[in-house]
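**Q** A single structure is presented below for examination.
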Amino acid sequence: MKVSIVVQDDSGGVFRGEINLTPDGAEKSASLEPLANAPVASPSPTALRGDLELPVRAYIKKHASGKSGPEKFALLLARMTKGDTSVTVAASDLQSEWNSMTALMGGKYNTAYPTRAKERGWIDSPKSGTFTLLPGWAEI
C-alpha cells in the first residue's frame with residue numbers, strides 16, 4: 001500500500017513524500033520515496049495566524065517576502081487586526097505603517113493594492129477610507 005505523507009515544520013514549511021507499507025508480518029520493505037516535483041508549499045494559514053503576535057516588521061519580513069503588493073497589503077492588514085475580521089483599520093494607518101517599512105514592503109504604498117486585494121476576496125472596505133479583513137486572506 002502506498003501512503004502519501006505531508007509534514008509541516010515549525011516555520012510553516014511543508015514537505016511531502018510517499019511511503020510503501022506492507023502488512024504486518026509480511027516482507028518489511030517500506031521505504032520513503034520523495035515525490036517527484038512535489039512543490040514545497042508556503043506557510044499554511046495556521047502558521048500565518050499563529051505569527052500574528054509577532055512585531056509587525058518581523059511578521060512582514062517572515063511572510064511577505066516574494067509576495068505581490070496586494071498580498072503584502074492583505075498580510076499587513078491581517079497583522080494589524082491580528083486576524084480579526086470584525087476590526088476596521090483606517091486607510092491612513094495602513095499607509096503610514098506601510099511607508100514606515102518600504103524596504104520590507106518593496107516600495108511605497110500604492111493605492112491600487114487595496115483595490116486588487118479586494119477583488120481577490122482578501123479584504124473589504126465597508127466605508128470609504130477603512131478596511132476589514134475577510135477570511136479569504138489566509139489563502140495568501
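Residue names in the C-alpha cells use chain letters A, B, ... in the order shown, residue numbers from 1 in each chain, and ligand numbers from 1 in the order shown.
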Excluding Ala103 (chain A) and its own-chain neighbours fewer than 2 positions away, which residues fall within 12 Å of it when counting only C-alpha atoms? Please give them as a VMD selection string.
**A** chain A and resid 57 60 to 61 64 to 65 98 to 101 105 to 109
**Q** Any idea what's packed within 6 Å of region 69-79 of chain A, counting only C-alpha atoms, ignoring anything in its chain fewer than 2 positions away? Could you give it as a list in words?
**A**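 Non-adjacent residues within range: Leu52, Ala64, Lys67, Thr81, Lys82, Gly83, Tyr113, Arg116 and Ala117 of chain A.
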**Q** Hey, which of A:Asp84, A:Asp51, A:Asp24, A:Glu18 ends up closest to Leu133 (chain A)? Count only C-alpha atoms.
**A**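 The answer is A:Asp84, which sits nearest to Leu133 (chain A).
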**Q** Assign secondary structure with DSSP using the backbone only, and return the residues of region 68-126 of chain A in strand (DSSP E or B) as a list in words.
**A**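 Residues of region 68-126 of chain A classed as strand (DSSP E or B): Thr88, Val89, Ala90, Ile123 and Asp124 of chain A.
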**Q** Mind writing the picked residues with N, CA, C and O atoms as a short mmCIF file (atom, residue, chain, number, x, y, z; two decimals), in the first residue's frame?
**A**
data_model
loop_
_atom_site.label_atom_id
_atom_site.label_comp_id
_atom_site.auth_asym_id
_atom_site.auth_seq_id
_atom_site.Cartn_x
_atom_site.Cartn_y
_atom_site.Cartn_z
N THR A 88 -11.89 47.12 12.06
CA THR A 88 -11.74 48.05 10.94
C THR A 88 -10.49 48.89 11.17
O THR A 88 -10.24 49.35 12.28
N VAL A 89 -9.72 49.08 10.09
CA VAL A 89 -8.49 49.87 10.17
C VAL A 89 -8.58 51.01 9.16
O VAL A 89 -9.01 50.80 8.01
N ALA A 90 -8.18 52.19 9.58
CA ALA A 90 -8.20 53.36 8.69
C ALA A 90 -7.12 53.21 7.62
O ALA A 90 -6.01 52.74 7.90
N ILE A 123 -9.81 41.30 1.41
CA ILE A 123 -10.19 42.42 2.26
C ILE A 123 -11.51 43.00 1.79
O ILE A 123 -11.98 42.68 0.70
N ASP A 124 -12.08 43.88 2.60
CA ASP A 124 -13.27 44.62 2.20
C ASP A 124 -13.09 46.06 2.69
O ASP A 124 -12.24 46.33 3.54
#
